[in-house]
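Source file: my_file03.txt (compact mmCIF, C-alpha atoms and all ligand atoms)
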```txt
# COMPACT_ATOMS: atom_id res chain seq x y z
CA MET R 1 83.06 13.74 33.28
CA PHE R 2 82.53 10.19 34.39
CA THR R 3 79.77 9.48 36.89
CA GLU R 4 80.80 8.96 40.51
CA GLU R 5 80.04 5.26 40.03
CA ASN R 6 82.37 5.00 37.04
CA LEU R 7 85.11 6.94 38.84
CA LYS R 8 84.86 4.45 41.72
CA LYS R 9 85.10 1.55 39.23
CA ILE R 10 88.22 3.11 37.74
CA GLU R 11 89.80 3.43 41.18
CA GLU R 12 89.03 -0.26 41.80
CA LEU R 13 90.54 -1.21 38.43
CA LYS R 14 93.69 0.73 39.24
CA LYS R 15 94.30 -1.70 42.13
CA LYS R 16 94.14 -4.68 39.74
CA TYR R 17 96.36 -3.46 36.91
CA PRO R 18 100.09 -2.84 37.06
CA THR R 19 99.95 0.49 35.17
CA THR R 20 97.27 3.02 34.26
CA GLN R 21 98.07 2.38 30.58
CA ALA R 22 96.72 -1.14 31.10
CA LEU R 23 93.37 0.46 32.00
CA VAL R 24 92.91 2.17 28.66
CA LEU R 25 90.66 -0.47 27.07
CA PRO R 26 88.20 -0.93 29.95
CA VAL R 27 88.05 2.80 30.68
CA LEU R 28 87.37 3.63 27.03
CA TRP R 29 84.63 1.01 27.05
CA MET R 30 83.16 2.65 30.13
CA ALA R 31 83.35 6.04 28.39
CA GLN R 32 81.55 4.72 25.34
CA GLU R 33 78.81 3.19 27.47
CA GLN R 34 78.32 6.45 29.37
CA PHE R 35 78.62 8.94 26.49
CA GLY R 36 77.46 6.83 23.52
CA HIS R 37 80.67 7.43 21.59
CA ILE R 38 84.22 8.57 22.33
CA SER R 39 84.67 12.17 21.19
CA ASN R 40 87.99 13.95 20.94
CA ASP R 41 87.25 15.71 24.23
CA THR R 42 86.53 12.36 25.88
CA MET R 43 89.83 10.98 24.57
CA LYS R 44 91.65 13.95 26.11
CA TYR R 45 89.75 13.46 29.37
CA VAL R 46 90.66 9.75 29.53
CA ALA R 47 94.27 10.55 28.66
CA GLN R 48 94.45 13.05 31.50
CA LEU R 49 92.62 10.75 33.93
CA LEU R 50 94.98 7.84 33.27
CA ASN R 51 98.08 9.96 32.71
CA VAL R 52 98.56 8.34 29.30
CA PRO R 53 99.54 10.31 26.16
CA TYR R 54 96.57 11.49 24.10
CA GLY R 55 98.19 9.98 21.00
CA HIS R 56 98.02 6.55 22.61
CA ILE R 57 94.31 6.95 23.37
CA LEU R 58 93.64 8.20 19.83
CA GLY R 59 95.55 5.21 18.42
CA VAL R 60 93.49 2.75 20.46
CA VAL R 61 90.13 4.34 19.59
CA THR R 62 90.90 4.46 15.88
CA PHE R 63 92.43 0.95 15.77
CA TYR R 64 89.65 -1.09 17.38
CA THR R 65 86.37 -1.19 15.50
CA MET R 66 84.35 -1.61 18.71
CA TYR R 67 85.15 1.97 19.71
CA HIS R 68 83.20 4.75 18.02
CA SER R 69 84.66 8.22 17.68
CA LYS R 70 81.44 9.52 16.09
CA PRO R 71 77.82 9.17 17.25
CA ILE R 72 76.24 5.97 15.99
CA GLY R 73 72.64 5.01 15.34
CA LYS R 74 70.32 3.46 17.89
CA HIS R 75 70.79 0.10 16.18
CA HIS R 76 74.34 -0.63 15.08
CA ILE R 77 74.34 -3.48 12.59
CA GLU R 78 77.77 -5.05 12.21
CA VAL R 79 77.78 -7.42 9.25
CA CYS R 80 80.55 -9.97 8.97
CA THR R 81 81.90 -10.20 5.44
CA ASN R 82 84.85 -12.45 6.19
CA VAL R 83 85.46 -15.71 4.31
CA SER R 84 82.81 -18.03 5.78
CA CYS R 85 80.12 -15.36 5.70
CA MET R 86 81.19 -14.25 2.23
CA LEU R 87 80.94 -17.81 0.92
CA ARG R 88 77.45 -18.11 2.43
CA GLY R 89 76.05 -14.90 0.97
CA SER R 90 77.05 -11.92 3.12
CA ALA R 91 77.28 -9.69 0.02
CA LYS R 92 73.57 -10.27 -0.61
CA ILE R 93 72.82 -9.49 3.05
CA VAL R 94 74.81 -6.25 2.86
CA GLU R 95 73.10 -5.22 -0.38
CA HIS R 96 69.70 -5.97 1.14
CA LEU R 97 70.48 -3.99 4.30
CA GLU R 98 71.77 -1.02 2.31
CA HIS R 99 68.62 -1.01 0.21
CA ARG R 100 66.25 -1.46 3.18
CA LEU R 101 67.95 1.09 5.46
CA GLY R 102 68.96 3.64 2.82
CA VAL R 103 72.55 3.75 4.07
CA GLU R 104 75.79 2.31 2.82
CA ILE R 105 78.43 0.50 4.83
CA GLY R 106 80.03 2.99 7.23
CA GLN R 107 77.03 5.32 7.29
CA THR R 108 74.39 6.28 9.84
CA SER R 109 70.84 7.11 8.81
CA PRO R 110 69.87 10.80 9.13
CA ASP R 111 67.31 9.89 11.82
CA MET R 112 70.12 8.22 13.84
CA LYS R 113 68.19 4.95 13.92
CA TRP R 114 70.66 2.78 11.99
CA THR R 115 74.40 2.48 11.58
CA LEU R 116 75.68 -0.14 9.17
CA SER R 117 79.23 -1.47 9.49
CA GLU R 118 81.27 -4.20 7.91
CA VAL R 119 83.34 -6.27 10.34
CA GLU R 120 85.80 -9.13 10.29
CA CYS R 121 85.06 -12.63 11.59
CA MET R 122 83.00 -12.56 14.77
CA GLY R 123 83.61 -16.22 15.57
CA SER R 124 80.27 -17.43 14.33
CA CYS R 125 81.45 -19.01 11.07
CA GLY R 126 79.43 -22.20 11.59
CA THR R 127 76.21 -20.20 11.41
CA ALA R 128 77.21 -17.83 8.59
CA PRO R 129 76.13 -15.42 7.29
CA MET R 130 75.65 -13.36 10.40
CA PHE R 131 75.51 -9.89 11.85
CA ALA R 132 75.51 -8.45 15.33
CA ILE R 133 73.38 -5.67 16.69
CA GLY R 134 74.88 -4.58 19.96
CA GLU R 135 75.78 -7.74 21.82
CA GLU R 136 73.14 -9.88 20.07
CA TYR R 137 74.15 -12.22 17.24
CA TYR R 138 71.76 -12.97 14.36
CA GLU R 139 72.83 -16.04 12.43
CA ASN R 140 72.01 -18.17 9.39
CA LEU R 141 70.69 -15.00 7.77
CA SER R 142 68.56 -14.78 4.67
CA THR R 143 66.98 -11.64 3.25
CA GLU R 144 63.62 -12.80 4.67
CA LYS R 145 65.15 -13.27 8.10
CA VAL R 146 66.76 -9.83 7.89
CA ASP R 147 63.36 -8.27 7.10
CA LYS R 148 61.82 -9.99 10.13
CA ILE R 149 64.66 -8.84 12.42
CA LEU R 150 64.42 -5.23 11.19
CA SER R 151 60.65 -5.17 11.57
CA GLU R 152 60.97 -6.17 15.23
CA LEU R 153 63.38 -3.34 16.05
CA THR R 154 61.85 -0.01 16.99
S1 LIG R 201 83.52 -15.42 8.83
FE1 LIG R 201 81.71 -14.49 9.54
S2 LIG R 201 81.60 -15.12 11.60
FE2 LIG R 201 83.46 -16.00 10.90
```
Can the structure from this file be put into structure tokens for me?
Ligand code: FES
Amino acid sequence: MFTEENLKKIEELKKKYPTTQALVLPVLWMAQEQFGHISNDTMKYVAQLLNVPYGHILGVVTFYTMYHSKPIGKHHIEVCTNVSCMLRGSAKIVEHLEHRLGVEIGQTSPDMKWTLSEVECMGSCGTAPMFAIGEEYYENLSTEKVDKILSELT
């Protein structure tokens, strides 16, 4: 169940959007922020709340990489491997991260500290290679810089 505060936000959003289907993205985002990830039960709950078919919710959650249907680690590292980052060494960054964290792309460490993902261009091509952790961008990466960033995260 959403918190009272989130339910109020949803009621406010309903006044701004023409249909409840148009609320799917922000409400799923709210769900992920409250629950940490969007489980099957949460998808059914959101579908019922917005009177939108469950299949539509499932399609949205599985299409957009920013939604997580499984629990993710405390630090979610999203490494861009698109063209600019690839040309500036993202493969070496990925290899270094996999070695340092003991996980491969798409995996979460057993202690739930790290999740490592590969993503498409994040609009930071001029400072490639880069990754994001949460909403923070880390740019012009080198393996040394990656080590420093990881050492500062608890
Ligand atoms: S290609 Fe990596 S940020 Fe654009």
Quick one: everything within 10 Å of Met122 (chain R), counting only C-alpha atoms, minus sequence neighbours fewer than 6 positions away in the same chain. Send it as a PyMOL selection string. chain R and resi 78-82+85+128+130-132+137
Taking all listed atoms of ligand LIG 201 (chain R), build the axis-aligned box, pad each of the six sides by 4 Å, then write its centre and edge lengths in Å to one decimal as lines of an AutoDock Vina configuration file.
```
center_x = 82.6
center_y = -15.2
center_z = 10.2
size_x = 9.9
size_y = 9.5
size_z = 10.8
```
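Distances from R:Leu116, R:Leu25, R:Ala47, R:Ile77 to Ile149 (chain R) were compared using only C-alpha atoms, and the smallest one belongs to R:Ile77.
Between Lys74 (chain R) and the candidates R:Val24, R:Met30, R:Met112, R:Ile133, the tightest atom-to-atom separation, counting only C-alpha atoms, involves R:Met112.
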Figure out the distance between CA of Gly126 (chain R) and CA of Arg88 (chain R), please, to one decimal in Å.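 Distance reported for this atom pair: 10.2 Å.
Minimum distance to Ser90 (chain R) across R:Ser39, R:Thr143, R:Gln107, R:Thr154 (counting all atoms listed in the file) occurs at R:Thr143.
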Measuring between only C-alpha atoms and all ligand atoms, which one of R:Val83, R:Val103, R:Val61, R:Leu153 shows the shortest distance to ligand LIG 201 (chain R)?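 Nearest candidate to ligand LIG 201 (chain R) out of R:Val83, R:Val103, R:Val61, R:Leu153: R:Val83.
CA of Glu135 (chain R) is positioned 13.5 Å from CA of Trp29 (chain R).
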Shortest contact to Lys70 (chain R), candidates R:Glu12, R:Glu98, R:Asp41, R:Glu118, atoms counted all atoms listed in the file, goes to R:Asp41
In Å, how far is it from CA of Gly134 (chain R) to CA of His76 (chain R)?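 Here the two named atoms are 6.3 Å from each other.
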Which of R:Lys145, R:His75, R:His68, R:His99 sits closest to Gln32 (chain R) [using all atoms listed in the file]: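 Closest to Gln32 (chain R), using all atoms listed in the file: R:His68.
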Show which residues sit within 12 Å of Asp111 (chain R), as a ChimeraX atom specification. Count all atoms listed in the file, and ignore same-chain residues fewer than 2 positions away. /R:71-75,101-103,107-109,113-115
Export N, CA and C atoms of region 27-64 of chain R from the structure just given, as an mmCIF file, in the first residue's frame?
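decode.cif written:
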```cif
data_model
loop_
_atom_site.group_PDB
_atom_site.id
_atom_site.type_symbol
_atom_site.label_atom_id
_atom_site.label_comp_id
_atom_site.auth_asym_id
_atom_site.auth_seq_id
_atom_site.Cartn_x
_atom_site.Cartn_y
_atom_site.Cartn_z
ATOM 1 N N VAL R 27 3.469 7.203 -11.208
ATOM 2 C CA VAL R 27 3.033 6.372 -10.073
ATOM 3 C C VAL R 27 3.982 5.178 -9.886
ATOM 4 N N LEU R 28 4.465 4.613 -10.985
ATOM 5 C CA LEU R 28 5.447 3.532 -10.848
ATOM 6 C C LEU R 28 6.729 4.054 -10.216
ATOM 7 N N TRP R 29 7.098 5.260 -10.585
ATOM 8 C CA TRP R 29 8.309 5.859 -9.993
ATOM 9 C C TRP R 29 8.124 6.022 -8.491
ATOM 10 N N MET R 30 6.941 6.494 -8.114
ATOM 11 C CA MET R 30 6.608 6.649 -6.698
ATOM 12 C C MET R 30 6.689 5.292 -5.985
ATOM 13 N N ALA R 31 6.152 4.263 -6.647
ATOM 14 C CA ALA R 31 6.165 2.918 -6.059
ATOM 15 C C ALA R 31 7.602 2.444 -5.848
ATOM 16 N N GLN R 32 8.431 2.684 -6.839
ATOM 17 C CA GLN R 32 9.827 2.234 -6.716
ATOM 18 C C GLN R 32 10.543 2.971 -5.587
ATOM 19 N N GLU R 33 10.256 4.265 -5.457
ATOM 20 C CA GLU R 33 10.885 5.034 -4.381
ATOM 21 C C GLU R 33 10.408 4.543 -3.016
ATOM 22 N N GLN R 34 9.136 4.185 -2.911
ATOM 23 C CA GLN R 34 8.618 3.733 -1.614
ATOM 24 C C GLN R 34 9.034 2.292 -1.287
ATOM 25 N N PHE R 35 8.974 1.406 -2.273
ATOM 26 C CA PHE R 35 9.207 -0.026 -1.999
ATOM 27 C C PHE R 35 10.603 -0.520 -2.376
ATOM 28 N N GLY R 36 11.377 0.297 -3.082
ATOM 29 C CA GLY R 36 12.736 -0.108 -3.472
ATOM 30 C C GLY R 36 12.787 -0.773 -4.836
ATOM 31 N N HIS R 37 11.762 -1.507 -5.181
ATOM 32 C CA HIS R 37 11.635 -2.103 -6.499
ATOM 33 C C HIS R 37 10.130 -2.319 -6.754
ATOM 34 N N ILE R 38 9.804 -2.747 -7.967
ATOM 35 C CA ILE R 38 8.386 -2.903 -8.316
ATOM 36 C C ILE R 38 8.093 -4.393 -8.511
ATOM 37 N N SER R 39 7.616 -5.010 -7.460
ATOM 38 C CA SER R 39 7.311 -6.449 -7.500
ATOM 39 C C SER R 39 6.041 -6.694 -8.315
ATOM 40 N N ASN R 40 5.784 -7.946 -8.587
ATOM 41 C CA ASN R 40 4.566 -8.330 -9.289
ATOM 42 C C ASN R 40 3.314 -7.868 -8.537
ATOM 43 N N ASP R 41 3.347 -8.024 -7.209
ATOM 44 C CA ASP R 41 2.208 -7.582 -6.400
ATOM 45 C C ASP R 41 2.015 -6.071 -6.507
ATOM 46 N N THR R 42 3.134 -5.336 -6.536
ATOM 47 C CA THR R 42 3.040 -3.877 -6.665
ATOM 48 C C THR R 42 2.461 -3.508 -8.026
ATOM 49 N N MET R 43 2.878 -4.234 -9.069
ATOM 50 C CA MET R 43 2.324 -3.964 -10.407
ATOM 51 C C MET R 43 0.813 -4.169 -10.406
ATOM 52 N N LYS R 44 0.365 -5.235 -9.756
ATOM 53 C CA LYS R 44 -1.087 -5.507 -9.689
ATOM 54 C C LYS R 44 -1.800 -4.405 -8.899
ATOM 55 N N TYR R 45 -1.156 -3.983 -7.821
ATOM 56 C CA TYR R 45 -1.721 -2.909 -6.981
ATOM 57 C C TYR R 45 -1.862 -1.619 -7.790
ATOM 58 N N VAL R 46 -0.803 -1.239 -8.523
ATOM 59 C CA VAL R 46 -0.843 -0.013 -9.331
ATOM 60 C C VAL R 46 -1.893 -0.150 -10.434
ATOM 61 N N ALA R 47 -1.974 -1.325 -11.029
ATOM 62 C CA ALA R 47 -2.967 -1.555 -12.086
ATOM 63 C C ALA R 47 -4.381 -1.333 -11.544
ATOM 64 N N GLN R 48 -4.618 -1.876 -10.365
ATOM 65 C CA GLN R 48 -5.943 -1.744 -9.747
ATOM 66 C C GLN R 48 -6.217 -0.284 -9.355
ATOM 67 N N LEU R 49 -5.206 0.341 -8.782
ATOM 68 C CA LEU R 49 -5.338 1.732 -8.325
ATOM 69 C C LEU R 49 -5.656 2.678 -9.476
ATOM 70 N N LEU R 50 -5.032 2.438 -10.628
ATOM 71 C CA LEU R 50 -5.212 3.341 -11.774
ATOM 72 C C LEU R 50 -6.242 2.818 -12.777
ATOM 73 N N ASN R 51 -6.774 1.648 -12.473
ATOM 74 C CA ASN R 51 -7.750 1.028 -13.386
ATOM 75 C C ASN R 51 -7.164 0.875 -14.800
ATOM 76 N N VAL R 52 -5.950 0.345 -14.820
ATOM 77 C CA VAL R 52 -5.213 0.120 -16.067
ATOM 78 C C VAL R 52 -4.903 -1.378 -16.118
ATOM 79 N N PRO R 53 -4.968 -2.012 -17.283
ATOM 80 C CA PRO R 53 -4.682 -3.457 -17.325
ATOM 81 C C PRO R 53 -3.291 -3.798 -16.776
ATOM 82 N N TYR R 54 -3.231 -4.891 -16.036
ATOM 83 C CA TYR R 54 -1.954 -5.348 -15.473
ATOM 84 C C TYR R 54 -0.902 -5.529 -16.569
ATOM 85 N N GLY R 55 -1.326 -6.039 -17.725
ATOM 86 C CA GLY R 55 -0.387 -6.262 -18.833
ATOM 87 C C GLY R 55 0.291 -4.978 -19.279
ATOM 88 N N HIS R 56 -0.434 -3.878 -19.199
ATOM 89 C CA HIS R 56 0.146 -2.585 -19.567
ATOM 90 C C HIS R 56 1.229 -2.196 -18.562
ATOM 91 N N ILE R 57 0.927 -2.377 -17.276
ATOM 92 C CA ILE R 57 1.893 -2.041 -16.222
ATOM 93 C C ILE R 57 3.143 -2.914 -16.376
ATOM 94 N N LEU R 58 2.934 -4.199 -16.581
ATOM 95 C CA LEU R 58 4.051 -5.132 -16.753
ATOM 96 C C LEU R 58 4.917 -4.705 -17.955
ATOM 97 N N GLY R 59 4.245 -4.326 -19.042
ATOM 98 C CA GLY R 59 4.970 -3.886 -20.236
ATOM 99 C C GLY R 59 5.822 -2.667 -19.967
ATOM 100 N N VAL R 60 5.293 -1.725 -19.209
ATOM 101 C CA VAL R 60 6.041 -0.499 -18.900
ATOM 102 C C VAL R 60 7.243 -0.827 -18.013
ATOM 103 N N VAL R 61 7.006 -1.603 -16.967
ATOM 104 C CA VAL R 61 8.093 -1.918 -16.016
ATOM 105 C C VAL R 61 9.219 -2.683 -16.711
ATOM 106 N N THR R 62 8.873 -3.587 -17.592
ATOM 107 C CA THR R 62 9.909 -4.395 -18.239
ATOM 108 C C THR R 62 10.536 -3.687 -19.444
ATOM 109 N N PHE R 63 9.904 -2.632 -19.945
ATOM 110 C CA PHE R 63 10.472 -1.901 -21.087
ATOM 111 C C PHE R 63 11.515 -0.880 -20.645
ATOM 112 N N TYR R 64 11.201 -0.112 -19.625
ATOM 113 C CA TYR R 64 12.100 0.979 -19.205
ATOM 114 C C TYR R 64 13.130 0.473 -18.202
#
```
